[in-house]
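In what follows, a structure is listed as structure tokens, so that the remarks can point back to it.
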Amino acid sequence: MNLKEKYTELLVIIGFPEKEIQHNWLELETAYSKKSRHYHNLTHISDMIDCYETYLEKLQFPNEILYAIFYHDYIYNSRKKDNELKSAQYALSILPKNTAFNKQLVFDAICATQQHQHNAIEDINWLIDFDLKILARDWTAYKTYFKLIRKEYSIYPDFLYNPGRIKALNHFLENDFIFKTEEFRNLHEEKARENIKLEIDFISK
């Protein structure tokens with residue numbers, strides 16, 4: 001099932017009218033396909049949905065988490081620090097008024113992808129881990145990832161970007177765990193930390 005089919009199926013379940021579903025898909029596709037989106041694009045969404053489908057049985061609110069995946073980076077501006085908040089607000093603003101959807105969970109889940117802190121709600125921890133799984137890819141794929149992130153921040157020269165990036169990476173290393181679920185910790189924690197340290201060395205040269 002491709003992204004559009006997955007999205008359409010979800011919005012039907014939520015209760016969106018058919019005409020709105022097509023319109024909303026075009027809006028979503030346009031947002032994630034902007035030229036400035038080198039990493040935070042539909043490929044990233046697709047990768048997260050692959051994780052989602054792998055761990056679907058672990059989720060108590062699978063539809064809400066899937067909706068959050070589609071919209072967590074809907075608004076993305078490398079100059080702003082409120083992208084997740086605005087994305088969450090937008091995601092809620094288009095929901096049908098009479099839906100039984102857990103709106104608070106969607107809002108909290110999208111906002112949680114900003115700081116990636118452990119959450120009391122386990123479904124949100126799974127979402128965070130889906131978002132961070134890129135950190136544990138093989139070094140070649142990880143290197144591609146951080147170079148794409150650098151392109152998204154190309155407006156900043158190295159002397160401004162590099163210290164900020166290193167600070168963010170060290171923040172991950174300073175936490176007891178990068179991943180929030182036990183399963184991801186067991187599978188990916190060691191590799192993610194290794195990659196982050198290698199990136200810091202790469203940037204620092």
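In the structure tokens, chains take letters A, B, ... by order of appearance, with residues numbered from 1 within each chain and ligands from 1 in the order shown.
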
Report task. Pick out the residues sitting within 10 Å of Cys51 (chain A), and hand them over as a VMD selection string; count only C-alpha atoms, and ignore anything fewer than 6 positions along from it in its own chain. Result -> chain A and resid 126 to 127 129 to 131 133

Requested in this report: With a distance cut-off of 10 Å and only C-alpha atoms, select the neighbouring residues of Thr43 (chain A), excluding the residue or stretch itself and same-chain residues fewer than 5 positions from it, and output the selection as a list of chain:residue names.
Outcome: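 Selected residues are A:Leu3, A:Tyr32, A:Ser33, A:His38, A:Met48, A:Ile49.
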
Export of prior selection with C-alpha atoms as a PDB file, in the first residue's frame:
```
ATOM      1  CA  LEU A   3       1.384   6.479   1.143  1.00  0.00           C
ATOM      2  CA  TYR A  32       6.439  17.481   2.322  1.00  0.00           C
ATOM      3  CA  SER A  33       7.671  17.916  -1.260  1.00  0.00           C
ATOM      4  CA  HIS A  38      15.966  17.329   1.926  1.00  0.00           C
ATOM      5  CA  MET A  48       8.326   5.879   9.934  1.00  0.00           C
ATOM      6  CA  ILE A  49       5.271   4.057   8.623  1.00  0.00           C
TER       7      ILE A  49
END
```

Query raised in the report: Which value, in Å to one decimal, gives the distance between CA of Leu169 (chain A) and CA of Asn195 (chain A)?
Result: 10.1 Å

**Report entry** All residues 8 Å or closer to Leu85 (chain A), only C-alpha atoms, same chain fewer than 4 positions away omitted, as a list of chain:residue names
**Finding:** A:Gln89, A:Ile110, A:Cys111

Requested in this report: Do a neighbour search on Lys58 (chain A) at 10 Å with only C-alpha atoms, toss out local chain neighbours closer than 6 positions, and write the hits as number ranges by chain.
Outcome: A: 52, 122-123, 126
